[in-house]
$ cat run.pdb   # PDB, C-alpha atoms
ATOM      1  CA  PHE A   1      99.449 106.457 120.791
ATOM      2  CA  PHE A   2      99.484 103.669 118.207
ATOM      3  CA  GLU A   3     101.696 101.477 120.370
ATOM      4  CA  GLY A   4      99.099 101.805 123.110
ATOM      5  CA  PHE A   5      96.422 100.555 120.746
ATOM      6  CA  ALA A   6      98.667  97.676 119.670
ATOM      7  CA  LEU A   7      99.372  96.761 123.285
ATOM      8  CA  GLY A   8      95.672  96.855 124.122
ATOM      9  CA  ASP A   9      94.922  94.631 121.145
ATOM     10  CA  CYS A  10      97.617  92.141 122.149
ATOM     11  CA  ILE A  11      96.342  92.058 125.720
ATOM     12  CA  SER A  12      92.763  91.476 124.623
ATOM     13  CA  GLN A  13      93.726  88.714 122.189
ATOM     14  CA  ALA A  14      95.980  86.969 124.693
ATOM     15  CA  GLN A  15      93.244  86.948 127.363
ATOM     16  CA  LEU A  16      95.727  87.489 130.164
ATOM     17  CA  LYS A  17      94.903  87.519 133.854
ATOM     18  CA  ASP A  18      93.994  90.779 135.569
ATOM     19  CA  LEU A  19      97.363  91.149 137.326
ATOM     20  CA  SER A  20      99.284  90.634 134.083
ATOM     21  CA  MET A  21      97.143  93.226 132.307
ATOM     22  CA  LEU A  22      97.612  95.680 135.159
ATOM     23  CA  LEU A  23     101.397  95.222 135.184
ATOM     24  CA  MET A  24     101.664  95.627 131.409
ATOM     25  CA  ALA A  25      99.554  98.785 131.452
ATOM     26  CA  PHE A  26     101.567 100.181 134.379
ATOM     27  CA  PHE A  27     104.943  99.609 132.725
ATOM     28  CA  PHE A  28     103.661 100.993 129.415
ATOM     29  CA  ALA A  29     102.430 104.136 131.195
ATOM     30  CA  ILE A  30     105.640 104.636 133.202
ATOM     31  CA  THR A  31     108.057 104.155 130.276
ATOM     32  CA  THR A  32     107.807 107.685 128.848
ATOM     33  CA  PRO A  33     108.112 109.559 132.164
ATOM     34  CA  ALA A  34     111.066 107.358 133.140
ATOM     35  CA  GLY A  35     112.737 108.103 129.805
ATOM     36  CA  ILE A  36     112.199 111.831 130.266
ATOM     37  CA  ALA A  37     113.664 111.665 133.766
ATOM     38  CA  ALA A  38     116.698 109.704 132.551
ATOM     39  CA  GLY A  39     117.230 112.131 129.672
ATOM     40  CA  SER A  40     117.007 115.137 131.979
ATOM     41  CA  ALA A  41     119.497 113.573 134.369
ATOM     42  CA  MET A  42     121.952 112.789 131.550
ATOM     43  CA  ALA A  43     121.682 116.232 129.936
ATOM     44  CA  SER A  44     124.131 117.767 132.401
ATOM     45  CA  PHE A  45     127.085 115.567 131.417
ATOM     46  CA  TYR A  46     126.124 114.262 127.962
ATOM     47  CA  ASP A  47     128.295 115.319 124.998
ATOM     48  CA  PRO A  48     126.299 114.583 121.835
ATOM     49  CA  TYR A  49     129.355 114.909 119.570
ATOM     50  CA  SER A  50     131.607 112.363 121.275
ATOM     51  CA  PRO A  51     132.310 109.103 119.411
ATOM     52  CA  ARG A  52     130.791 107.050 122.222
ATOM     53  CA  ALA A  53     127.549 109.060 122.072
ATOM     54  CA  LEU A  54     127.304 108.541 118.313
ATOM     55  CA  VAL A  55     127.738 104.775 118.685
ATOM     56  CA  VAL A  56     125.185 104.579 121.484
ATOM     57  CA  GLU A  57     122.718 106.681 119.486
ATOM     58  CA  GLY A  58     123.189 104.446 116.454
ATOM     59  CA  ILE A  59     122.593 101.302 118.499
ATOM     60  CA  LEU A  60     119.466 102.753 120.107
ATOM     61  CA  ASN A  61     118.120 103.947 116.749
ATOM     62  CA  ALA A  62     118.737 100.534 115.189
ATOM     63  CA  THR A  63     117.010  98.804 118.098
ATOM     64  CA  SER A  64     114.038 101.132 117.847
ATOM     65  CA  ALA A  65     113.768 100.581 114.094
ATOM     66  CA  GLY A  66     114.003  96.810 114.576
ATOM     67  CA  ILE A  67     111.170  96.838 117.094
ATOM     68  CA  LEU A  68     109.042  98.959 114.769
ATOM     69  CA  ILE A  69     109.666  96.647 111.813
ATOM     70  CA  TYR A  70     108.899  93.598 113.949
ATOM     71  CA  MET A  71     105.615  95.106 115.129
ATOM     72  CA  ALA A  72     104.654  96.013 111.578
ATOM     73  CA  LEU A  73     105.451  92.593 110.183
ATOM     74  CA  VAL A  74     104.033  90.453 112.938
ATOM     75  CA  ASP A  75     101.002  92.399 114.122
ATOM     76  CA  LEU A  76      99.805  94.158 111.014
ATOM     77  CA  ILE A  77     101.066  92.480 107.873
ATOM     78  CA  ALA A  78     101.015  88.833 108.952
ATOM     79  CA  ALA A  79      97.267  88.946 109.567
ATOM     80  CA  ASP A  80      96.718  90.211 106.020
ATOM     81  CA  PHE A  81      99.119  87.847 104.277
ATOM     82  CA  LEU A  82      98.289  84.694 106.237
ATOM     83  CA  GLY A  83      94.521  85.156 106.258
ATOM     84  CA  ARG A  84      91.996  83.116 104.354
ATOM     85  CA  ARG A  85      91.214  85.972 101.971
ATOM     86  CA  MET A  86      94.795  86.181 100.678
ATOM     87  CA  SER A  87      95.351  82.427 100.455
ATOM     88  CA  ASN A  88      92.172  81.990  98.379
ATOM     89  CA  SER A  89      93.061  84.869  96.048
ATOM     90  CA  PRO A  90      94.446  84.468  92.534
ATOM     91  CA  THR A  91      98.212  84.119  92.250
ATOM     92  CA  ILE A  92      98.582  87.468  90.484
ATOM     93  CA  LEU A  93      96.998  89.245  93.468
ATOM     94  CA  GLN A  94      99.334  87.462  95.894
ATOM     95  CA  VAL A  95     102.383  88.357  93.784
ATOM     96  CA  GLY A  96     101.159  91.958  93.568
ATOM     97  CA  ALA A  97     100.731  92.132  97.332
ATOM     98  CA  TYR A  98     104.257  90.852  97.975
ATOM     99  CA  VAL A  99     105.764  93.168  95.351
ATOM    100  CA  SER A 100     103.918  96.110  96.928
ATOM    101  CA  LEU A 101     105.198  95.091 100.357
ATOM    102  CA  PHE A 102     108.807  94.995  99.198
ATOM    103  CA  LEU A 103     108.475  98.244  97.244
ATOM    104  CA  GLY A 104     107.149  99.927 100.370
ATOM    105  CA  ALA A 105     110.041  98.570 102.418
ATOM    106  CA  LEU A 106     112.467  99.758  99.738
ATOM    107  CA  ALA A 107     110.910 103.228  99.759
ATOM    108  CA  MET A 108     111.176 103.433 103.544
ATOM    109  CA  ALA A 109     114.804 102.299 103.443
ATOM    110  CA  SER A 110     115.639 104.852 100.765
ATOM    111  CA  LEU A 111     114.063 107.579 102.904
ATOM    112  CA  ALA A 112     116.254 106.498 105.803
ATOM    113  CA  ILE A 113     119.356 106.715 103.623
ATOM    114  CA  TRP A 114     118.261 110.027 102.091
ATOM    115  CA  THR A 115     117.760 111.819 105.417
TER     116      THR A 115
END
$ encode --input "run.pdb" --output "structure tokens"
Amino acid sequence: FFEGFALGDCISQAQLKDLSMLLMAFFFAITTPAGIAAGSAMASFYDPYSPRALVVEGILNATSAGILIYMALVDLIAADFLGRRMSNSPTILQVGAYVSLFLGALAMASLAIWT
């Protein structure tokens, strides 16, 4: 849901041509059904406890987390930290914002280790 909003925002800001917007929306809409179909097809021969499956799952989880972190940093946080409001703020507010950012990242990482 939120990725759809982010994609729509990126498309509107980029002012792409109609065909590009149509193709992006089509591939975004077809991704989930294609993933469900691939998962259903693999379910008959997939052994979730094999070493190969654990490595593949780890790689896919790391890739997914990397994409999520990238989207958060570039789309959401960069606009706040690079905007005029933050650059004209007192230094203590800027330091507080960066400390809060890193504390939030630390909390999320500790949750990942904890679970």
$ closest_atom_pairs --input "run.pdb" --of "region 9-85 of chain A" --to "region 102-106 of chain A" --cutoff "12 Å" --atoms "all atoms listed in the file" --output "tab-separated table"
residue	atom	partner	partner_atom	distance
A:Ile69	CA	A:Ala105	CA	9.6
A:Ala72	CA	A:Ala105	CA	10.9
A:Leu73	CA	A:Ala105	CA	10.8
A:Ile77	CA	A:Phe102	CA	11.9
$ write_last_selection --input "run.pdb" --atoms "C-alpha atoms" --output "PDB file, keeping the file's coordinate frame"
ATOM      1  CA  ILE A  69     109.666  96.647 111.813  1.00  0.00           C
ATOM      2  CA  ALA A  72     104.654  96.013 111.578  1.00  0.00           C
ATOM      3  CA  LEU A  73     105.451  92.593 110.183  1.00  0.00           C
ATOM      4  CA  ILE A  77     101.066  92.480 107.873  1.00  0.00           C
TER       5      ILE A  77
END
$ atom_distance --input "run.pdb" --atom1 "CA of Ala53 (chain A)" --atom2 "CA of Ile30 (chain A)"
25.0 Å
$ atom_distance --input "run.pdb" --atom1 "CA of Gly83 (chain A)" --atom2 "CA of Tyr98 (chain A)"
14.0 Å
$ residues_around --input "run.pdb" --residues "Leu82 (chain A)" --least-positions-apart "5" --cutoff "12 Å" --atoms "all atoms listed in the file" --output "tab-separated table (two decimals) with C-alpha atoms, keeping the file's coordinate frame"
chain	number	residue	atom	x	y	z
A	73	LEU	CA	105.45	92.59	110.18
A	74	VAL	CA	104.03	90.45	112.94
A	75	ASP	CA	101.00	92.40	114.12
A	76	LEU	CA	99.80	94.16	111.01
A	77	ILE	CA	101.07	92.48	107.87
A	87	SER	CA	95.35	82.43	100.46
A	88	ASN	CA	92.17	81.99	98.38
A	89	SER	CA	93.06	84.87	96.05
A	94	GLN	CA	99.33	87.46	95.89
A	97	ALA	CA	100.73	92.13	97.33
A	98	TYR	CA	104.26	90.85	97.98
$ atom_distance --input "run.pdb" --atom1 "CA of Ala62 (chain A)" --atom2 "CA of Leu23 (chain A)"
27.0 Å
$ axis_aligned_box --input "run.pdb" --around "region 39-53 of chain A" --padding-each-side "8 Å" --output "AutoDock Vina command-line options"
--center_x 124.7 --center_y 112.4 --center_z 126.9 --size_x 31.3 --size_y 26.7 --size_z 31.0
